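Visitor: Please read through the structure below; I'll follow up with questions.
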2 protein chains.
Amino acid sequence: MAVVATSTRGRILAAATELFGTRGVDAVSLDEIAAAVGVRKQTVLYWFATKDELVDAVFADAVAQMGAVIEAAVRAAPDEPLARVDSVVRAVFRAAVRTPPLLGLMRELSRLPEARAARLRERLVPLVDRAVAYLGAEMDAGRVRRSDPRLLASLAAATVTGIATDPEALRAVGWHANLVELRHLRTELRAFLRAALSPHA
Amino acid sequence: MAVVATSTRGRILAAATELFGTRGVDAVSLDEIAAAVGVRKQTVLYWFATKDELVDAVFADAVAQMGAVIEAAVRAAPDEPLARVDSVVRAVFRAAVRTPPLLGLMRELSRLPEARAARLRERLVPLVDRAVAYLGAEMDAGRVRRSDPRLLASLAAATVTGIATDPEALRAVGWHANLVELRHLRTELRAFLRAALSPHA
DNA sequence: ACGTCTCTCTACCAACTGGTAGAGAGACGT
DNA sequence: ACGTCTCTCTACCAGTTGGTAGAGAGACGT
């Protein structure tokens, strides 16, 4: 369900993803999206009857993308918790570099009316449940630091999305986005999560 | 410079803090803020000549509050890195419980026009610099896991603001806000950071 | 040559946005 | 009793918002 950027519909979705993710849903107008695509607002409304419909499509697409990325990363990694975390972090990073506003969008979820957010969240629930169950089992096996697996999963996720979506935190320490710094950040993030999850504390 | 919620001005600031923090600056209108306070929009504009002026005041207040909270927490803690982190986490938690949108506001910083964000950031720069220098020194002393102190500070901060401002991450694992769960979350967060910072990985 | 379908356009609209102008009500010192 | 200052109000404005109505241009099967 990835965005096909050649069709008008696909280009609208891509532009909306970008703008919603970086500036917030409410702050972006249909006119602005249309201008970014190079069409009139009414063309946007031809493809998506209302703004809400566009918002839903953008989020559904983003959630599906994130879900697929994480699922693939888990499947590709060996059955060892720290390696899996590494694999997921790599994959999420790759996705975030390819589509920078993706993680920002994930965060915008919390500003959506609860009913719609819940519907979108459903898509991710199985992933989360599996991650929590996996962490719990690995704790029993002594391969992950003993703690509440639900909250451990949330904390790890918050660290990843937090660092990826909050440029202020990085700018405040003189960090600037470029390939070398990005690789450095990824290395540090993996070490951080490894340390936070390791059983020997 | 804490908000005095009895004066009209103070009540406007408090309402704007709440709304800006939870829904974003652009998405909240002056009418809405006025309605929340129980006055007309023109009363808001009497106290703050423009919306920008109100936004600046809200952010300046929030940044000052956060700065004061963190500074006090650091001074109160013994000179031992994990204890200091504990102390800061406690203090930030307490502030976030008292004024829930505070951390959300911190995140909104990144959506402000760069010039204004930079001006507000200045207030926090000395705090950040000191934290980074401190972490670096403690790494040399072997009391903190060796890594890039700038990024370690950012990752720890991202974890705290991430978990505090992204209710989705917590709701997805069945977490609900109440005093017991909150205390549990704080405990887990402190253990998480302890593990991530500890030298023995 | 014709109708049909897909797509984008121009021209509007009511509601809401941030902001201006200025009146009026009360408290207070003289 | 008077003016002055502080504060909130009603009335209004131009620009922008999401959305409607409907025309027209091109591709395509017949």
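Every chain in the structure tokens takes a letter, A first, then B, and so on in the order presented; its residues are numbered from 1, and the ligands are numbered from 1 following the presented order.
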Against chain B, which residues of chain A fall within 6 Å? For each one I want the closest pair of atoms and the distance in Å (one decimal), counting only C-alpha atoms, rows by chain and increasing residue number, as CSV.
Guide:
residue,atom,partner,partner_atom,distance
A:Asp26,CA,B:Ala27,CA,5.2
A:Ala27,CA,B:Asp26,CA,5.2
A:Ser110,CA,B:Glu168,CA,5.8
A:Arg150,CA,B:Val173,CA,5.7
A:Ser154,CA,B:Ala169,CA,5.5
A:Ala158,CA,B:Gly162,CA,4.8
A:Thr159,CA,B:Thr159,CA,4.3
A:Gly162,CA,B:Ala158,CA,4.8
A:Ile163,CA,B:Ala158,CA,5.3
A:Glu168,CA,B:Ser110,CA,5.8
A:Ala169,CA,B:Ser154,CA,5.5
A:Leu170,CA,B:Ser154,CA,6.0
A:Val173,CA,B:Arg150,CA,5.7
A:Phe192,CA,B:Ala196,CA,5.4
A:Ala195,CA,B:Ala196,CA,4.7
A:Ala196,CA,B:Ala196,CA,4.1
A:Ala201,CA,B:Ala195,CA,5.5
Visitor: From a backbone DSSP assignment, name each residue in range 69-183 of chain B labelled alpha helix (DSSP H), as a ChimeraX atom specification.
Guide: /B:69-76,81-98,102-108,114-122,125-140,149-165,167-171,179-183
Visitor: What would the file look like if the residues just selected were written as a CSV table (one decimal), in the first residue's frame with C-alpha atoms?
Guide:
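Below you can see selection.csv, which holds the result:
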chain,number,residue,atom,x,y,z
B,69,VAL,CA,12.4,22.6,37.8
B,70,ILE,CA,15.4,20.9,36.4
B,71,GLU,CA,17.9,23.2,38.0
B,72,ALA,CA,16.3,22.7,41.4
B,73,ALA,CA,16.3,19.0,40.9
B,74,VAL,CA,20.0,18.9,40.0
B,75,ARG,CA,20.9,21.1,43.0
B,76,ALA,CA,18.9,18.9,45.4
B,81,PRO,CA,25.0,10.6,38.1
B,82,LEU,CA,22.3,8.0,38.5
B,83,ALA,CA,20.9,9.8,41.5
B,84,ARG,CA,20.9,13.0,39.6
B,85,VAL,CA,19.0,11.4,36.7
B,86,ASP,CA,16.6,10.0,39.2
B,87,SER,CA,16.1,13.4,40.8
B,88,VAL,CA,15.5,15.1,37.5
B,89,VAL,CA,13.1,12.4,36.3
B,90,ARG,CA,11.1,12.8,39.5
B,91,ALA,CA,11.0,16.6,39.2
B,92,VAL,CA,10.0,16.5,35.5
B,93,PHE,CA,7.3,14.0,36.3
B,94,ARG,CA,6.0,16.1,39.1
B,95,ALA,CA,5.9,19.2,36.7
B,96,ALA,CA,4.2,17.1,34.0
B,97,VAL,CA,1.5,15.9,36.4
B,98,ARG,CA,0.9,19.5,37.6
B,102,LEU,CA,4.2,21.3,29.5
B,103,LEU,CA,6.2,18.6,27.7
B,104,GLY,CA,3.9,18.8,24.7
B,105,LEU,CA,4.7,22.4,24.5
B,106,MET,CA,8.4,21.7,24.6
B,107,ARG,CA,7.8,19.6,21.5
B,108,GLU,CA,5.8,22.3,19.8
B,114,GLU,CA,13.3,28.9,13.7
B,115,ALA,CA,14.2,32.5,14.9
B,116,ARG,CA,11.8,32.4,17.7
B,117,ALA,CA,12.5,28.8,18.7
B,118,ALA,CA,16.2,29.7,18.9
B,119,ARG,CA,15.5,32.6,21.2
B,120,LEU,CA,13.5,30.4,23.6
B,121,ARG,CA,16.1,27.6,23.3
B,122,GLU,CA,18.8,30.0,24.6
B,125,VAL,CA,21.3,26.0,26.5
B,126,PRO,CA,23.3,26.4,29.7
B,127,LEU,CA,21.4,23.6,31.3
B,128,VAL,CA,22.0,21.3,28.4
B,129,ASP,CA,25.7,22.2,28.1
B,130,ARG,CA,26.1,21.6,31.8
B,131,ALA,CA,24.4,18.2,31.6
B,132,VAL,CA,26.5,17.2,28.6
B,133,ALA,CA,29.7,18.3,30.3
B,134,TYR,CA,28.7,16.4,33.5
B,135,LEU,CA,27.9,13.2,31.6
B,136,GLY,CA,31.3,13.4,29.8
B,137,ALA,CA,33.1,13.8,33.1
B,138,GLU,CA,31.3,10.9,34.7
B,139,MET,CA,32.1,8.8,31.7
B,140,ASP,CA,35.8,9.5,32.2
B,149,PRO,CA,27.6,12.5,25.9
B,150,ARG,CA,25.6,14.8,23.6
B,151,LEU,CA,23.6,12.0,22.1
B,152,LEU,CA,23.3,10.2,25.4
B,153,ALA,CA,21.7,13.3,26.9
B,154,SER,CA,19.4,13.7,23.9
B,155,LEU,CA,18.3,10.1,24.0
B,156,ALA,CA,17.5,10.2,27.7
B,157,ALA,CA,15.6,13.5,27.2
B,158,ALA,CA,13.7,12.0,24.2
B,159,THR,CA,12.7,9.0,26.2
B,160,VAL,CA,11.3,11.2,29.0
B,161,THR,CA,9.4,13.6,26.8
B,162,GLY,CA,8.5,10.8,24.4
B,163,ILE,CA,6.8,8.7,27.0
B,164,ALA,CA,5.2,11.7,28.6
B,165,THR,CA,3.7,13.3,25.5
B,167,PRO,CA,-0.2,8.7,25.0
B,168,GLU,CA,-0.6,6.5,22.0
B,169,ALA,CA,2.5,4.5,22.8
B,170,LEU,CA,1.0,3.8,26.3
B,171,ARG,CA,-2.6,3.3,25.3
B,179,LEU,CA,-2.1,7.5,40.2
B,180,VAL,CA,-1.0,3.8,40.6
B,181,GLU,CA,-0.1,3.4,37.0
B,182,LEU,CA,1.6,6.7,36.9
B,183,ARG,CA,3.9,5.7,39.8
Visitor: Could you build a table of the residues in range 41-150 of chain A lying no more than 12 Å from range 9-23 of chain D, giving for each the nearest pair of atoms and their separation in Å rounded to one decimal place, using only C-alpha atoms (C1' of nucleotides), ordered by chain and ascending residue number, as CSV?
Guide:
residue,atom,partner,partner_atom,distance
A:Lys41,CA,D:DG18,C1',10.0
A:Gln42,CA,D:DG19,C1',9.1
A:Val44,CA,D:DG19,C1',11.5
A:Leu45,CA,D:DG19,C1',8.5
A:Tyr46,CA,D:DG19,C1',11.1
A:Phe48,CA,D:DG19,C1',11.6
A:Ala49,CA,D:DG19,C1',9.0
A:Thr50,CA,D:DG19,C1',7.8
A:Lys51,CA,D:DG18,C1',7.5
A:Asp52,CA,D:DG18,C1',10.2
Visitor: Report, in Å to a single decimal, how far apart CA of Thr17 in chain A and CA of Ala177 in chain A are.
Guide: 20.5 Å
Visitor: Residues of chain C were defined as contacting chain B if any atom lay at most 8 Å from it, counting only C-alpha atoms (C1' of nucleotides); please report them as a PyMOL selection string.
Guide: chain C and resi 17-19
Visitor: Could you dump the residues just selected with all heavy atoms as a short mmCIF file (atom, residue, chain, number, x, y, z; two decimals), in the first residue's frame?
Guide:
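Writing the result to part-v9.cif gives the following:
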data_model
loop_
_atom_site.label_atom_id
_atom_site.label_comp_id
_atom_site.auth_asym_id
_atom_site.auth_seq_id
_atom_site.Cartn_x
_atom_site.Cartn_y
_atom_site.Cartn_z
P DT C 17 -12.04 29.96 14.37
OP1 DT C 17 -11.41 28.76 14.95
OP2 DT C 17 -12.91 30.83 15.19
"O5'" DT C 17 -10.90 30.86 13.75
"C5'" DT C 17 -9.98 30.28 12.81
"C4'" DT C 17 -9.08 31.37 12.26
"O4'" DT C 17 -9.82 32.13 11.29
"C3'" DT C 17 -8.63 32.40 13.28
"O3'" DT C 17 -7.45 31.95 13.88
"C2'" DT C 17 -8.38 33.63 12.41
"C1'" DT C 17 -9.35 33.46 11.23
N1 DT C 17 -10.55 34.35 11.22
C2 DT C 17 -10.55 35.47 10.45
O2 DT C 17 -9.58 35.83 9.80
N3 DT C 17 -11.72 36.19 10.48
C4 DT C 17 -12.87 35.88 11.19
O4 DT C 17 -13.87 36.60 11.13
C5 DT C 17 -12.81 34.68 11.98
C7 DT C 17 -13.99 34.26 12.78
C6 DT C 17 -11.67 33.98 11.96
P DG C 18 -6.87 32.72 15.18
OP1 DG C 18 -5.74 31.90 15.69
OP2 DG C 18 -8.01 33.03 16.05
"O5'" DG C 18 -6.29 34.08 14.62
"C5'" DG C 18 -5.15 34.07 13.77
"C4'" DG C 18 -4.84 35.50 13.35
"O4'" DG C 18 -6.03 36.06 12.76
"C3'" DG C 18 -4.45 36.43 14.50
"O3'" DG C 18 -3.45 37.33 14.06
"C2'" DG C 18 -5.76 37.13 14.83
"C1'" DG C 18 -6.40 37.24 13.44
N9 DG C 18 -7.87 37.28 13.51
C8 DG C 18 -8.68 36.48 14.26
N7 DG C 18 -9.94 36.75 14.13
C5 DG C 18 -9.98 37.80 13.23
C6 DG C 18 -11.09 38.52 12.71
O6 DG C 18 -12.29 38.37 12.94
N1 DG C 18 -10.68 39.52 11.82
C2 DG C 18 -9.37 39.78 11.49
N2 DG C 18 -9.18 40.79 10.62
N3 DG C 18 -8.34 39.11 11.97
C4 DG C 18 -8.71 38.14 12.84
P DG C 19 -2.90 38.50 15.06
OP1 DG C 19 -1.55 38.90 14.63
OP2 DG C 19 -3.14 38.03 16.44
"O5'" DG C 19 -3.88 39.71 14.75
"C5'" DG C 19 -3.88 40.28 13.44
"C4'" DG C 19 -4.83 41.45 13.39
"O4'" DG C 19 -6.19 40.97 13.46
"C3'" DG C 19 -4.68 42.45 14.56
"O3'" DG C 19 -4.32 43.72 14.02
"C2'" DG C 19 -6.05 42.48 15.21
"C1'" DG C 19 -6.96 41.94 14.11
N9 DG C 19 -8.18 41.33 14.64
C8 DG C 19 -8.28 40.25 15.48
N7 DG C 19 -9.51 39.94 15.79
C5 DG C 19 -10.28 40.87 15.11
C6 DG C 19 -11.69 41.05 15.07
O6 DG C 19 -12.56 40.39 15.62
N1 DG C 19 -12.03 42.12 14.26
C2 DG C 19 -11.15 42.93 13.58
N2 DG C 19 -11.68 43.92 12.86
N3 DG C 19 -9.84 42.78 13.62
C4 DG C 19 -9.47 41.73 14.40
#
Visitor: Pick out the closest residue to chain D from this set: A:Ala15, A:Pro100, A:Glu32, A:Thr8. Count only C-alpha atoms (C1' of nucleotides).
Guide: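 Selected residue with least distance to chain D: A:Glu32.
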Visitor: Can you measure CA of Gln65 in chain A to CA of Thr99 in chain A for me? One decimal in Å is fine.
Guide: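 These atoms are spaced 10.2 Å apart.
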Visitor: Could you state the separation of CA of Val58 in chain B and CA of Ile33 in chain B in Å, given to one decimal place?
Guide: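 Calculated distance between CA of Val58 in chain B and CA of Ile33 in chain B is 12.4 Å.
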Visitor: Determine, counting only C-alpha atoms (C1' of nucleotides), which protein, DNA and RNA residues have an atom within 12 Å of an atom of DC5 in chain D; residues of the same chain fewer than 6 positions away are not included. Present the result as a PDB file with N, CA, C and O atoms (P, O5', C5', C4', C3', O3' and C1' of nucleotides), in the first residue's frame.
Guide:
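Contents of around32.pdb, as written:
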ATOM      1  P    DG C  26     -21.187  48.897  36.396  1.00  0.00           P
ATOM      2  O5'  DG C  26     -19.967  49.054  37.402  1.00  0.00           O
ATOM      3  C5'  DG C  26     -19.065  47.958  37.550  1.00  0.00           C
ATOM      4  C4'  DG C  26     -17.668  48.491  37.779  1.00  0.00           C
ATOM      5  C3'  DG C  26     -17.462  49.195  39.135  1.00  0.00           C
ATOM      6  O3'  DG C  26     -16.616  48.385  39.903  1.00  0.00           O
ATOM      7  C1'  DG C  26     -16.330  50.292  37.350  1.00  0.00           C
ATOM      8  P    DA C  27     -16.551  48.578  41.494  1.00  0.00           P
ATOM      9  O5'  DA C  27     -15.076  49.169  41.673  1.00  0.00           O
ATOM     10  C5'  DA C  27     -13.976  48.458  41.122  1.00  0.00           C
ATOM     11  C4'  DA C  27     -12.730  49.313  41.193  1.00  0.00           C
ATOM     12  C3'  DA C  27     -12.531  50.027  42.528  1.00  0.00           C
ATOM     13  O3'  DA C  27     -11.170  49.886  42.908  1.00  0.00           O
ATOM     14  C1'  DA C  27     -12.500  51.599  40.754  1.00  0.00           C
ATOM     15  P    DC C  28     -10.674  50.347  44.395  1.00  0.00           P
ATOM     16  O5'  DC C  28      -9.875  51.685  44.096  1.00  0.00           O
ATOM     17  C5'  DC C  28      -9.245  51.873  42.825  1.00  0.00           C
ATOM     18  C4'  DC C  28      -8.676  53.275  42.753  1.00  0.00           C
ATOM     19  C3'  DC C  28      -8.650  54.009  44.112  1.00  0.00           C
ATOM     20  O3'  DC C  28      -7.453  54.730  44.233  1.00  0.00           O
ATOM     21  C1'  DC C  28      -9.815  55.290  42.533  1.00  0.00           C
ATOM     22  P    DG C  29      -6.972  55.193  45.724  1.00  0.00           P
ATOM     23  O5'  DG C  29      -6.336  56.620  45.425  1.00  0.00           O
ATOM     24  C5'  DG C  29      -5.425  56.776  44.327  1.00  0.00           C
ATOM     25  C4'  DG C  29      -5.520  58.185  43.774  1.00  0.00           C
ATOM     26  C3'  DG C  29      -5.323  59.296  44.829  1.00  0.00           C
ATOM     27  O3'  DG C  29      -4.530  60.331  44.270  1.00  0.00           O
ATOM     28  C1'  DG C  29      -7.399  59.571  43.744  1.00  0.00           C
TER      29       DG C  29
END
Visitor: Please determine, counting only C-alpha atoms (C1' of nucleotides), which residue among D:DG24, D:DT30, D:DC2, D:DT8 has the shortest atom-to-atom distance to chain B.
Guide: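 Selected residue with least distance to chain B: D:DT8.
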